[in-house]
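*Asks:* mmCIF, C-alpha atoms, file work_18.cif:
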data_structure
#
loop_
_atom_site.group_PDB
_atom_site.id
_atom_site.type_symbol
_atom_site.label_atom_id
_atom_site.label_comp_id
_atom_site.auth_asym_id
_atom_site.auth_seq_id
_atom_site.Cartn_x
_atom_site.Cartn_y
_atom_site.Cartn_z
ATOM 1 C CA MET N 263 101.016 104.731 75.996
ATOM 2 C CA PRO N 264 100.536 106.920 79.074
ATOM 3 C CA ASP N 265 100.420 105.363 82.498
ATOM 4 C CA SER N 266 96.738 105.118 83.463
ATOM 5 C CA HIS N 267 97.610 105.939 87.096
ATOM 6 C CA ASN N 268 98.757 109.436 86.085
ATOM 7 C CA LEU N 269 95.657 110.339 84.065
ATOM 8 C CA PRO N 270 93.123 112.642 85.682
ATOM 9 C CA SER N 271 90.094 110.832 86.989
ATOM 10 C CA ALA N 272 86.819 111.090 85.112
ATOM 11 C CA LYS N 273 84.401 113.811 86.110
ATOM 12 C CA PRO N 274 81.874 112.725 88.709
ATOM 13 C CA ARG N 275 78.388 112.017 87.457
ATOM 14 C CA PHE N 276 75.821 114.804 87.436
ATOM 15 C CA SER N 277 74.073 115.186 90.754
ATOM 16 C CA ILE N 278 71.281 117.536 91.802
ATOM 17 C CA ARG N 279 72.724 117.544 95.306
ATOM 18 C CA ALA N 280 76.141 118.680 94.025
ATOM 19 C CA ARG N 281 74.506 121.413 91.899
ATOM 20 C CA LEU N 282 72.540 122.670 94.900
ATOM 21 C CA LYS N 283 75.721 122.614 96.991
ATOM 22 C CA SER N 284 77.425 124.818 94.379
ATOM 23 C CA PHE N 285 74.779 127.481 95.094
ATOM 24 C CA VAL N 286 75.760 127.330 98.766
ATOM 25 C CA TYR N 287 79.408 127.969 97.822
ATOM 26 C CA ALA N 288 78.431 130.834 95.512
ATOM 27 C CA GLY N 289 76.269 132.370 98.235
ATOM 28 C CA ARG N 290 79.153 132.086 100.681
ATOM 29 C CA GLY N 291 81.396 133.921 98.234
ATOM 30 C CA MET N 292 78.907 136.755 97.786
ATOM 31 C CA ARG N 293 78.433 136.983 101.555
ATOM 32 C CA TRP N 294 82.227 137.229 102.060
ATOM 33 C CA LEU N 295 82.377 139.869 99.356
ATOM 34 C CA ALA N 296 79.626 141.965 100.942
ATOM 35 C CA GLN N 297 81.010 141.559 104.481
ATOM 36 C CA ASP N 298 84.745 141.960 103.927
ATOM 37 C CA GLU N 299 85.287 144.273 100.964
ATOM 38 C CA HIS N 300 84.901 147.979 101.689
ATOM 39 C CA ASN N 301 84.315 148.797 98.020
ATOM 40 C CA ALA N 302 81.519 146.231 97.968
ATOM 41 C CA TRP N 303 79.813 148.258 100.704
ATOM 42 C CA LEU N 304 79.790 151.223 98.326
ATOM 43 C CA HIS N 305 78.381 149.009 95.571
ATOM 44 C CA LEU N 306 75.724 147.733 97.965
ATOM 45 C CA ALA N 307 74.705 151.280 98.912
ATOM 46 C CA ALA N 308 74.631 152.336 95.252
ATOM 47 C CA SER N 309 72.645 149.235 94.264
ATOM 48 C CA ALA N 310 70.095 149.821 97.019
ATOM 49 C CA THR N 311 69.782 153.512 96.095
ATOM 50 C CA VAL N 312 69.196 152.676 92.431
ATOM 51 C CA ILE N 313 66.604 150.021 93.283
ATOM 52 C CA VAL N 314 64.712 152.367 95.617
ATOM 53 C CA ALA N 315 64.850 155.134 92.993
ATOM 54 C CA GLY N 316 63.584 152.756 90.313
ATOM 55 C CA PHE N 317 60.565 151.840 92.413
ATOM 56 C CA ALA N 318 59.943 155.430 93.486
ATOM 57 C CA LEU N 319 60.043 156.629 89.880
ATOM 58 C CA ASP N 320 57.912 153.693 88.657
ATOM 59 C CA ILE N 321 60.276 152.947 85.772
ATOM 60 C CA SER N 322 59.411 150.596 82.922
ATOM 61 C CA LEU N 323 60.391 146.957 82.608
ATOM 62 C CA ASP N 324 62.832 147.919 79.850
ATOM 63 C CA ASP N 325 64.485 150.413 82.217
ATOM 64 C CA TRP N 326 64.723 147.748 84.925
ATOM 65 C CA ARG N 327 66.577 145.491 82.490
ATOM 66 C CA TRP N 328 69.240 148.161 82.015
ATOM 67 C CA LEU N 329 69.587 148.824 85.725
ATOM 68 C CA VAL N 330 69.730 145.157 86.716
ATOM 69 C CA SER N 331 72.347 144.508 84.019
ATOM 70 C CA ALA N 332 74.451 147.454 85.185
ATOM 71 C CA ILE N 333 74.222 146.422 88.836
ATOM 72 C CA ALA N 334 75.123 142.826 88.001
ATOM 73 C CA PHE N 335 78.061 143.953 85.847
ATOM 74 C CA VAL N 336 79.531 145.941 88.749
ATOM 75 C CA TRP N 337 79.067 143.075 91.216
ATOM 76 C CA VAL N 338 80.592 140.535 88.832
ATOM 77 C CA THR N 339 83.655 142.682 88.227
ATOM 78 C CA GLU N 340 84.030 143.416 91.950
ATOM 79 C CA ALA N 341 83.855 139.695 92.743
ATOM 80 C CA MET N 342 86.421 138.882 90.046
ATOM 81 C CA ASN N 343 88.677 141.712 91.236
ATOM 82 C CA THR N 344 88.493 140.422 94.793
ATOM 83 C CA ALA N 345 89.269 136.879 93.642
ATOM 84 C CA VAL N 346 92.286 138.115 91.641
ATOM 85 C CA GLU N 347 93.560 140.149 94.597
ATOM 86 C CA GLU N 348 93.151 137.251 97.039
ATOM 87 C CA LEU N 349 94.940 134.865 94.691
ATOM 88 C CA CYS N 350 97.750 137.338 93.994
ATOM 89 C CA ASP N 351 98.226 138.030 97.707
ATOM 90 C CA ARG N 352 98.384 134.301 98.378
ATOM 91 C CA LEU N 353 100.863 133.594 95.571
ATOM 92 C CA SER N 354 103.059 136.616 96.225
ATOM 93 C CA PRO N 355 102.693 138.096 99.725
ATOM 94 C CA GLN N 356 105.707 140.344 99.150
ATOM 95 C CA PHE N 357 105.552 143.286 96.751
ATOM 96 C CA ASP N 358 105.959 142.321 93.115
ATOM 97 C CA GLU N 359 105.613 144.865 90.331
ATOM 98 C CA ALA N 360 103.998 142.382 87.917
ATOM 99 C CA ILE N 361 101.484 141.262 90.549
ATOM 100 C CA GLY N 362 100.739 144.915 91.281
ATOM 101 C CA ARG N 363 100.026 145.487 87.590
ATOM 102 C CA VAL N 364 97.644 142.502 87.518
ATOM 103 C CA LYS N 365 95.801 143.803 90.575
ATOM 104 C CA ASP N 366 95.613 147.317 89.087
ATOM 105 C CA LEU N 367 94.156 145.921 85.852
ATOM 106 C CA ALA N 368 91.488 144.015 87.784
ATOM 107 C CA ALA N 369 90.663 147.138 89.805
ATOM 108 C CA GLY N 370 90.480 149.108 86.554
ATOM 109 C CA ALA N 371 87.820 146.700 85.313
ATOM 110 C CA VAL N 372 85.715 147.520 88.373
ATOM 111 C CA LEU N 373 86.207 151.224 87.772
ATOM 112 C CA ALA N 374 85.142 150.882 84.127
ATOM 113 C CA ALA N 375 82.076 148.849 85.121
ATOM 114 C CA SER N 376 81.164 151.347 87.843
ATOM 115 C CA LEU N 377 81.483 154.333 85.515
ATOM 116 C CA ALA N 378 79.398 152.587 82.864
ATOM 117 C CA ALA N 379 76.781 151.689 85.489
ATOM 118 C CA ALA N 380 76.669 155.297 86.672
ATOM 119 C CA VAL N 381 76.048 156.494 83.107
ATOM 120 C CA ILE N 382 73.358 153.851 82.608
ATOM 121 C CA GLY N 383 71.789 154.912 85.911
ATOM 122 C CA LEU N 384 71.756 158.582 84.914
ATOM 123 C CA LEU N 385 70.369 157.856 81.449
ATOM 124 C CA THR N 386 67.711 155.543 82.870
ATOM 125 C CA LEU N 387 66.677 157.368 86.034
ATOM 126 C CA GLY N 388 67.423 160.949 84.986
ATOM 127 C CA PRO N 389 64.488 161.550 82.633
ATOM 128 C CA PRO N 390 61.802 160.131 84.972
ATOM 129 C CA PHE N 391 63.336 162.041 87.871
ATOM 130 C CA LEU N 392 63.280 165.318 85.925
ATOM 131 C CA ARG N 393 59.652 164.675 84.925
ATOM 132 C CA SER N 394 58.728 164.012 88.547
ATOM 133 C CA ILE N 395 60.107 167.349 89.754
ATOM 134 C CA GLY N 396 59.021 169.408 86.734
#
Just dump the structure as structure tokens.

*Replies:*
Amino acid sequence: MPDSHNLPSAKPRFSIRARLKSFVYAGRGMRWLAQDEHNAWLHLAASATVIVAGFALDISLDDWRWLVSAIAFVWVTEAMNTAVEELCDRLSPQFDEAIGRVKDLAAGAVLAASLAAAVIGLLTLGPPFLRSIG
């Protein structure tokens, strides 16, 4: 029988206060991402441009769903990439080929998400833009 002193403690009970506090932590993470990561600045500019274009072109609710999903996908992958990089840098401050591969894979996920978002943006905003100038 295992020693009860070595078992992990039970999860704390559900608390509205703790759930609300988790939003504070999540907001802090997004603020750090937007303030400290240069690539996030590009994502912020692209997100703002797409949102302004969507309003200017008076796109449909269905089109907004695509754009919001694409924007969120890029931000999620950028946040995960940043978390992976921070953790890798903490665990292995010196160069390590395996750590470099992990970081490159995470960055590749952001690139894939960004390219997909760009295609979604062109497919969604392109036709209304062409109609507006034609």

*Asks:* Just the residues within 8 Å of region 377-379 of chain N, please, counting all atoms listed in the file, with nothing from its chain fewer than 4 positions along; format it as a ChimeraX atom specification.

*Replies:* /N:329,332-333,335-336,373,383

*Asks:* Which residues fall under the PyMOL selection byres ((chain N and resi 297-311) around 8) in this file, as number ranges by chain?

*Replies:* N: 293-296, 312-315, 333, 336-337, 340, 344

*Asks:* Using only C-alpha atoms, which residues sit within 12 Å of region 348-354 of chain N once same-chain residues fewer than 3 positions away are excluded, as a ChimeraX atom specification?

*Replies:* /N:295,298-299,341-345,357-366,368

*Asks:* Go ahead and compute the interatomic distance for CA of Thr339 (chain N) and CA of Phe317 (chain N), in Å to one decimal.

*Replies:*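 Interatomic distance, CA of Thr339 (chain N) to CA of Phe317 (chain N): 25.2 Å.
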
*Asks:* One number please: CA of Ser277 (chain N) to CA of Ala334 (chain N), in Å, one decimal.

*Replies:*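 Answer for the CA of Ser277 (chain N) to CA of Ala334 (chain N) separation: 27.8 Å.
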
*Asks:* Considering all atoms listed in the file, state which residue in the set N:Val372, N:Ile395, N:Val381, N:Leu323 is at the smallest distance from Val346 (chain N).

*Replies:*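 Going through N:Val372, N:Ile395, N:Val381, N:Leu323 one by one, the smallest distance to Val346 (chain N) is for N:Val372.
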
*Asks:* Select, counting all atoms listed in the file, all protein, DNA and RNA residues no farther than 10 Å from (66.2, 149.3, 83.4) in file coordinates, and express the selection as an mmCIF file with C-alpha atoms, keeping the file's coordinate frame.

*Replies:*
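Resulting contents of selection12.cif:
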data_model
loop_
_atom_site.group_PDB
_atom_site.id
_atom_site.type_symbol
_atom_site.label_atom_id
_atom_site.label_comp_id
_atom_site.auth_asym_id
_atom_site.auth_seq_id
_atom_site.Cartn_x
_atom_site.Cartn_y
_atom_site.Cartn_z
ATOM 1 C CA ILE N 313 66.604 150.021 93.283
ATOM 2 C CA GLY N 316 63.584 152.756 90.313
ATOM 3 C CA ILE N 321 60.276 152.947 85.772
ATOM 4 C CA SER N 322 59.411 150.596 82.922
ATOM 5 C CA LEU N 323 60.391 146.957 82.608
ATOM 6 C CA ASP N 324 62.832 147.919 79.850
ATOM 7 C CA ASP N 325 64.485 150.413 82.217
ATOM 8 C CA TRP N 326 64.723 147.748 84.925
ATOM 9 C CA ARG N 327 66.577 145.491 82.490
ATOM 10 C CA TRP N 328 69.240 148.161 82.015
ATOM 11 C CA LEU N 329 69.587 148.824 85.725
ATOM 12 C CA VAL N 330 69.730 145.157 86.716
ATOM 13 C CA SER N 331 72.347 144.508 84.019
ATOM 14 C CA ALA N 332 74.451 147.454 85.185
ATOM 15 C CA ILE N 382 73.358 153.851 82.608
ATOM 16 C CA GLY N 383 71.789 154.912 85.911
ATOM 17 C CA LEU N 385 70.369 157.856 81.449
ATOM 18 C CA THR N 386 67.711 155.543 82.870
ATOM 19 C CA LEU N 387 66.677 157.368 86.034
#

*Asks:* Please measure the separation of CA of Gly388 (chain N) and CA of Val338 (chain N), giving the value in Å to one decimal.

*Replies:* 24.6 Å

*Asks:* Select region 271-323 of chain N in the preceding structure and write C-alpha atoms to a file as an mmCIF file, in the first residue's frame.

*Replies:*
data_model
loop_
_atom_site.group_PDB
_atom_site.id
_atom_site.type_symbol
_atom_site.label_atom_id
_atom_site.label_comp_id
_atom_site.auth_asym_id
_atom_site.auth_seq_id
_atom_site.Cartn_x
_atom_site.Cartn_y
_atom_site.Cartn_z
ATOM 1 C CA SER N 271 -3.256 16.112 -2.677
ATOM 2 C CA ALA N 272 -6.838 16.223 -3.891
ATOM 3 C CA LYS N 273 -7.828 18.978 -6.274
ATOM 4 C CA PRO N 274 -9.185 22.064 -4.556
ATOM 5 C CA ARG N 275 -12.925 22.531 -4.666
ATOM 6 C CA PHE N 276 -14.464 24.531 -7.493
ATOM 7 C CA SER N 277 -14.468 28.239 -6.807
ATOM 8 C CA ILE N 278 -15.855 31.114 -8.861
ATOM 9 C CA ARG N 279 -13.102 33.317 -7.471
ATOM 10 C CA ALA N 280 -10.397 30.903 -8.679
ATOM 11 C CA ARG N 281 -12.039 30.690 -12.132
ATOM 12 C CA LEU N 282 -12.149 34.481 -12.391
ATOM 13 C CA LYS N 283 -8.506 34.649 -11.296
ATOM 14 C CA SER N 284 -7.589 32.260 -14.131
ATOM 15 C CA PHE N 285 -8.913 34.874 -16.583
ATOM 16 C CA VAL N 286 -6.530 37.398 -15.027
ATOM 17 C CA TYR N 287 -3.604 35.014 -15.631
ATOM 18 C CA ALA N 288 -4.720 34.364 -19.213
ATOM 19 C CA GLY N 289 -5.049 38.097 -19.850
ATOM 20 C CA ARG N 290 -1.570 38.641 -18.442
ATOM 21 C CA GLY N 291 -0.207 36.025 -20.826
ATOM 22 C CA MET N 292 -1.848 37.647 -23.843
ATOM 23 C CA ARG N 293 -0.592 41.064 -22.735
ATOM 24 C CA TRP N 294 2.980 39.701 -22.438
ATOM 25 C CA LEU N 295 2.619 38.113 -25.851
ATOM 26 C CA ALA N 296 1.434 41.346 -27.472
ATOM 27 C CA GLN N 297 4.046 43.492 -25.690
ATOM 28 C CA ASP N 298 7.153 41.323 -25.925
ATOM 29 C CA GLU N 299 6.939 39.241 -29.094
ATOM 30 C CA HIS N 300 7.844 41.049 -32.306
ATOM 31 C CA ASN N 301 5.972 38.519 -34.444
ATOM 32 C CA ALA N 302 2.877 39.133 -32.335
ATOM 33 C CA TRP N 303 3.074 42.790 -33.381
ATOM 34 C CA LEU N 304 2.782 41.646 -36.994
ATOM 35 C CA HIS N 305 -0.174 39.441 -36.063
ATOM 36 C CA LEU N 306 -1.780 42.368 -34.253
ATOM 37 C CA ALA N 307 -1.370 44.625 -37.295
ATOM 38 C CA ALA N 308 -2.733 41.920 -39.605
ATOM 39 C CA SER N 309 -5.658 41.215 -37.263
ATOM 40 C CA ALA N 310 -6.548 44.902 -37.042
ATOM 41 C CA THR N 311 -6.288 45.305 -40.830
ATOM 42 C CA VAL N 312 -8.573 42.324 -41.432
ATOM 43 C CA ILE N 313 -11.126 43.562 -38.895
ATOM 44 C CA VAL N 314 -11.184 47.065 -40.399
ATOM 45 C CA ALA N 315 -11.490 45.584 -43.903
ATOM 46 C CA GLY N 316 -14.332 43.326 -42.779
ATOM 47 C CA PHE N 317 -16.287 46.285 -41.444
ATOM 48 C CA ALA N 318 -15.467 48.466 -44.443
ATOM 49 C CA LEU N 319 -16.620 45.759 -46.851
ATOM 50 C CA ASP N 320 -19.731 44.975 -44.760
ATOM 51 C CA ILE N 321 -19.097 41.227 -44.897
ATOM 52 C CA SER N 322 -21.657 38.640 -43.824
ATOM 53 C CA LEU N 323 -21.854 36.901 -40.472
#
